[in-house]
Amino acid sequence: MIIRRGLCIVKPPRCWEPCSISDVVICRGTGSKRLFTSVSTSSIDTTSLSSQLRDKGYAPTTHRLLTPTACQCVRERITKLFAGEFDTGIYPDEWHWREGISRDDAAREMCNSWKSDRTIASIVLNEDVGRLVAEVMGWDSVRIAQDDLVWKPPSSAGATIAANKCQGQGRIDTVGFHQDSAYISAQFEPYEQNSITVWVALDDTDEENGCLEYAVGSHKWSPILHLRKEGEEMDTEISSFHSSDETSYRDGLSTAAEVAGVTDPLKAIEAVPVKEGHVVLHHQDVWHGSGPNRSPIRHRRALVAHYIRGDVSFVQGEGKQTGPFGHSSYIYGRYKRYNSIHLEESFFPVVYGDPGGGHTRTPWIDEFI
């Protein structure tokens, strides 16, 4: 019998058996071949991951999830995606950074590119990854809420950088400290532990090229700012993914710490280097961000997948949450059906479903990828 207590699954430790989508990785060219990305989840102790999530707010895996060839294929697809090449013909929900328009040193971000590219979909909709998430979280089923591509170019990305320095402007490839729950979890109910983030490094990341930074234990801080009562105003912005520059990307953390009565929150920050193809899982409420890419030659690219419980529904009524986009996110709100709180599988497909649970894997996924 499995007893679920938050993130802790009370049962004997279990290590995963090796699994993959395909033994062959085919890089997509100009033709119509699909890319089948190898995804292995060999010897992952999910009980240990659950414990780390509960205690620290994040949990790095100790082995590679994506092969080097798979990472190279995804990097090639990312370049094409930011050039506006979408193999499904569908635009992503968000597309930040345009060649020839945006600053060369700006962070590049794209959300829900799985709808635009089957290569990305083959990873974030992978059933084995969904099963891993279900095991770590103690869920019966798992949906994809959103994916996120983040790309920080090298510090020598272009002449624009030198010009910006002359004008006294810092690099703008930082990711401001934020909680994923402000953007994702707050859209759905029940709220508690309804989402988790799987962060996959596509390049080796370290402090030089702007690796992840976590405020250890900050998922336990109270109150959670984006769930504050209606009418309670803040003097500063509580969550800013796109921070203005390298001097301000930790401002959101400082605000949250002050409200929670936490002194010197910068001492709680841990930089977490991640090797190419490896993964970090993190709690929906943990504060995290990343500094600038100071490497003159290395890129810093990541594929991020945000998963939600298969049985969640949209929040009901007005004023229940005040996330960064108001009462309804402009991404999620567009997929909410009239007079319904049901999540449509065309937009929130079930990646994994326990045969004994209430949801099963969405049938069209395997045809799509």
# chains A, B, ... in the order shown; residues from 1 in each chain; ligands from 1
call {"tool": "select_by_dssp", "arguments": {"residues": "segment 92-303 of chain A", "states": "helix (DSSP H, G or I)", "output": "PyMOL selection string"}}
result
chain A and resi 113-115+118-124+127-137+159-166+180-183+185-187+218-220+225-227+251-260+265-268
call {"tool": "residues_around", "arguments": {"residues": "Asn293 of chain A", "least_positions_apart": "4", "cutoff": "12 Å", "atoms": "only C-alpha atoms", "output": "ChimeraX atom specification"}}
result
/A:105-107,151-157,170-175,205-212,245-246,297-301
call {"tool": "residues_around", "arguments": {"residues": "Ala302 of chain A", "least_positions_apart": "6", "cutoff": "9 Å", "atoms": "only C-alpha atoms", "output": "ChimeraX atom specification"}}
result
/A:148-151,199-203
call {"tool": "write_last_selection", "arguments": {"atoms": "N, CA and C atoms", "output": "mmCIF file, in the first residue's frame"}}
result
data_model
loop_
_atom_site.group_PDB
_atom_site.id
_atom_site.type_symbol
_atom_site.label_atom_id
_atom_site.label_comp_id
_atom_site.auth_asym_id
_atom_site.auth_seq_id
_atom_site.Cartn_x
_atom_site.Cartn_y
_atom_site.Cartn_z
ATOM 1 N N ASP A 148 9.203 25.112 -22.081
ATOM 2 C CA ASP A 148 9.882 26.410 -22.118
ATOM 3 C C ASP A 148 11.305 26.202 -22.616
ATOM 4 N N LEU A 149 11.660 26.831 -23.717
ATOM 5 C CA LEU A 149 13.033 26.823 -24.205
ATOM 6 C C LEU A 149 13.705 28.114 -23.765
ATOM 7 N N VAL A 150 14.868 28.001 -23.130
ATOM 8 C CA VAL A 150 15.620 29.174 -22.688
ATOM 9 C C VAL A 150 17.032 29.075 -23.248
ATOM 10 N N TRP A 151 17.476 30.152 -23.901
ATOM 11 C CA TRP A 151 18.769 30.160 -24.601
ATOM 12 C C TRP A 151 19.509 31.442 -24.248
ATOM 13 N N TRP A 199 13.806 20.296 -15.555
ATOM 14 C CA TRP A 199 14.727 21.211 -16.243
ATOM 15 C C TRP A 199 15.859 20.397 -16.855
ATOM 16 N N VAL A 200 15.944 20.381 -18.187
ATOM 17 C CA VAL A 200 16.925 19.562 -18.899
ATOM 18 C C VAL A 200 18.001 20.458 -19.519
ATOM 19 N N ALA A 201 19.257 20.237 -19.158
ATOM 20 C CA ALA A 201 20.365 21.012 -19.726
ATOM 21 C C ALA A 201 20.716 20.484 -21.112
ATOM 22 N N LEU A 202 20.799 21.369 -22.076
ATOM 23 C CA LEU A 202 21.208 20.998 -23.437
ATOM 24 C C LEU A 202 22.668 21.336 -23.692
ATOM 25 N N ASP A 203 23.286 22.068 -22.768
ATOM 26 C CA ASP A 203 24.718 22.342 -22.743
ATOM 27 C C ASP A 203 25.185 22.139 -21.307
#
call {"tool": "residues_around", "arguments": {"residues": "Trp221 of chain A", "least_positions_apart": "5", "cutoff": "10 Å", "atoms": "only C-alpha atoms", "output": "PyMOL selection string"}}
result
chain A and resi 256-257+259-262+285-287
call {"tool": "residues_around", "arguments": {"residues": "segment 277-284 of chain A", "least_positions_apart": "4", "cutoff": "9 Å", "atoms": "only C-alpha atoms", "output": "MDAnalysis selection string"}}
result
chainID A and resid 49 53:54 56:68 70:71 179:182 184:185 193:204 219 272
call {"tool": "write_last_selection", "arguments": {"atoms": "N, CA and C atoms", "output": "tab-separated table (two decimals), in the first residue's frame"}}
result
chain	number	residue	atom	x	y	z
A	49	LEU	N	14.62	11.40	-4.74
A	49	LEU	CA	14.25	12.66	-5.39
A	49	LEU	C	13.10	13.33	-4.65
A	53	LEU	N	13.22	17.07	-2.91
A	53	LEU	CA	12.24	18.10	-3.25
A	53	LEU	C	11.56	18.63	-2.00
A	54	ARG	N	11.22	17.73	-1.10
A	54	ARG	CA	10.54	18.13	0.12
A	54	ARG	C	11.45	18.98	1.01
A	56	LYS	N	14.75	20.50	0.21
A	56	LYS	CA	15.50	21.62	-0.36
A	56	LYS	C	14.71	22.42	-1.38
A	57	GLY	N	13.75	21.77	-2.01
A	57	GLY	CA	12.98	22.44	-3.06
A	57	GLY	C	13.44	22.11	-4.45
A	58	TYR	N	14.56	21.41	-4.57
A	58	TYR	CA	15.04	20.98	-5.88
A	58	TYR	C	15.80	19.67	-5.74
A	59	ALA	N	15.91	18.92	-6.85
A	59	ALA	CA	16.55	17.61	-6.80
A	59	ALA	C	17.22	17.31	-8.14
A	60	PRO	N	18.55	17.39	-8.22
A	60	PRO	CA	19.24	17.01	-9.45
A	60	PRO	C	19.35	15.50	-9.58
A	61	THR	N	19.22	15.00	-10.80
A	61	THR	CA	19.45	13.58	-11.04
A	61	THR	C	20.95	13.35	-11.21
A	62	THR	N	21.36	12.14	-11.00
A	62	THR	CA	22.80	11.82	-11.03
A	62	THR	C	23.21	11.14	-12.32
A	63	HIS	N	22.33	11.06	-13.29
A	63	HIS	CA	22.67	10.41	-14.55
A	63	HIS	C	22.10	11.22	-15.71
A	64	ARG	N	22.50	10.88	-16.89
A	64	ARG	CA	22.06	11.55	-18.12
A	64	ARG	C	20.67	11.07	-18.52
A	65	LEU	N	19.79	12.00	-18.83
A	65	LEU	CA	18.45	11.66	-19.34
A	65	LEU	C	18.44	11.64	-20.87
A	66	LEU	N	19.13	12.61	-21.50
A	66	LEU	CA	19.20	12.68	-22.96
A	66	LEU	C	20.61	12.35	-23.42
A	67	THR	N	20.72	11.60	-24.48
A	67	THR	CA	22.02	11.25	-25.02
A	67	THR	C	22.67	12.48	-25.67
A	68	PRO	N	24.02	12.46	-25.86
A	68	PRO	CA	24.67	13.59	-26.55
A	68	PRO	C	24.08	13.85	-27.94
A	70	ALA	N	21.04	13.18	-28.95
A	70	ALA	CA	19.72	13.78	-28.80
A	70	ALA	C	19.84	15.26	-28.47
A	71	CYS	N	20.77	15.62	-27.57
A	71	CYS	CA	20.96	17.04	-27.23
A	71	CYS	C	21.36	17.86	-28.44
A	179	GLN	N	8.82	32.12	-8.81
A	179	GLN	CA	8.23	30.82	-8.50
A	179	GLN	C	7.41	30.38	-9.70
A	180	ASP	N	7.62	29.15	-10.14
A	180	ASP	CA	6.83	28.66	-11.27
A	180	ASP	C	5.35	28.61	-10.94
A	181	SER	N	5.03	28.46	-9.66
A	181	SER	CA	3.62	28.37	-9.27
A	181	SER	C	2.84	29.64	-9.59
A	182	ALA	N	3.55	30.79	-9.64
A	182	ALA	CA	2.86	32.04	-9.95
A	182	ALA	C	2.32	32.04	-11.37
A	184	ILE	N	1.95	28.94	-13.23
A	184	ILE	CA	1.34	27.67	-13.60
A	184	ILE	C	0.38	27.17	-12.53
A	185	SER	N	0.89	26.86	-11.34
A	185	SER	CA	0.06	26.22	-10.31
A	185	SER	C	-1.17	27.04	-9.96
A	193	GLN	N	0.90	21.31	-4.42
A	193	GLN	CA	1.71	20.33	-5.13
A	193	GLN	C	1.03	19.84	-6.41
A	194	ASN	N	0.50	20.79	-7.16
A	194	ASN	CA	-0.19	20.39	-8.39
A	194	ASN	C	0.71	20.46	-9.62
A	195	SER	N	1.97	20.91	-9.44
A	195	SER	CA	2.87	20.97	-10.59
A	195	SER	C	4.31	20.69	-10.15
A	196	ILE	N	5.13	20.36	-11.13
A	196	ILE	CA	6.56	20.15	-10.92
A	196	ILE	C	7.28	20.52	-12.21
A	197	THR	N	8.51	20.98	-12.07
A	197	THR	CA	9.30	21.38	-13.23
A	197	THR	C	10.44	20.40	-13.44
A	198	VAL	N	10.61	19.98	-14.71
A	198	VAL	CA	11.72	19.13	-15.12
A	198	VAL	C	12.61	19.96	-16.03
A	199	TRP	N	13.81	20.30	-15.55
A	199	TRP	CA	14.73	21.21	-16.24
A	199	TRP	C	15.86	20.40	-16.86
A	200	VAL	N	15.94	20.38	-18.19
A	200	VAL	CA	16.93	19.56	-18.90
A	200	VAL	C	18.00	20.46	-19.52
A	201	ALA	N	19.26	20.24	-19.16
A	201	ALA	CA	20.36	21.01	-19.73
A	201	ALA	C	20.72	20.48	-21.11
A	202	LEU	N	20.80	21.37	-22.08
A	202	LEU	CA	21.21	21.00	-23.44
A	202	LEU	C	22.67	21.34	-23.69
A	203	ASP	N	23.29	22.07	-22.77
A	203	ASP	CA	24.72	22.34	-22.74
A	203	ASP	C	25.18	22.14	-21.31
A	204	ASP	N	26.48	21.94	-21.12
A	204	ASP	CA	27.02	21.97	-19.76
A	204	ASP	C	26.76	23.36	-19.19
A	219	HIS	N	10.68	27.16	-0.80
A	219	HIS	CA	9.33	26.65	-1.09
A	219	HIS	C	8.50	26.53	0.18
A	272	VAL	N	23.62	25.72	-9.02
A	272	VAL	CA	23.52	24.29	-9.31
A	272	VAL	C	23.97	24.01	-10.74
call {"tool": "closest_residue", "arguments": {"among": "A:Gly289, A:Trp97, A:Thr47, A:Val136", "to": "Gly84 of chain A", "atoms": "only C-alpha atoms"}}
result
A:Trp97
call {"tool": "closest_residue", "arguments": {"among": "A:Glu189, A:Asp147, A:Glu127, A:Asp264", "to": "Met110 of chain A", "atoms": "only C-alpha atoms"}}
result
A:Asp147
call {"tool": "closest_residue", "arguments": {"among": "A:Gln187, A:Thr360, A:Ser346, A:Ser122", "to": "Ser313 of chain A", "atoms": "only C-alpha atoms"}}
result
A:Gln187
call {"tool": "residues_around", "arguments": {"residues": "segment 337-340 of chain A", "least_positions_apart": "4", "cutoff": "10 Å", "atoms": "only C-alpha atoms", "output": "PyMOL selection string"}}
result
chain A and resi 313-314+316+333+344
call {"tool": "atom_distance", "arguments": {"atom1": "atom CA of His342 of chain A", "atom2": "atom CA of Asp87 of chain A"}}
result
28.9 Å
call {"tool": "closest_residue", "arguments": {"among": "A:Trp139, A:Lys220, A:Phe188, A:Arg131", "to": "Lys336 of chain A", "atoms": "only C-alpha atoms"}}
result
A:Phe188
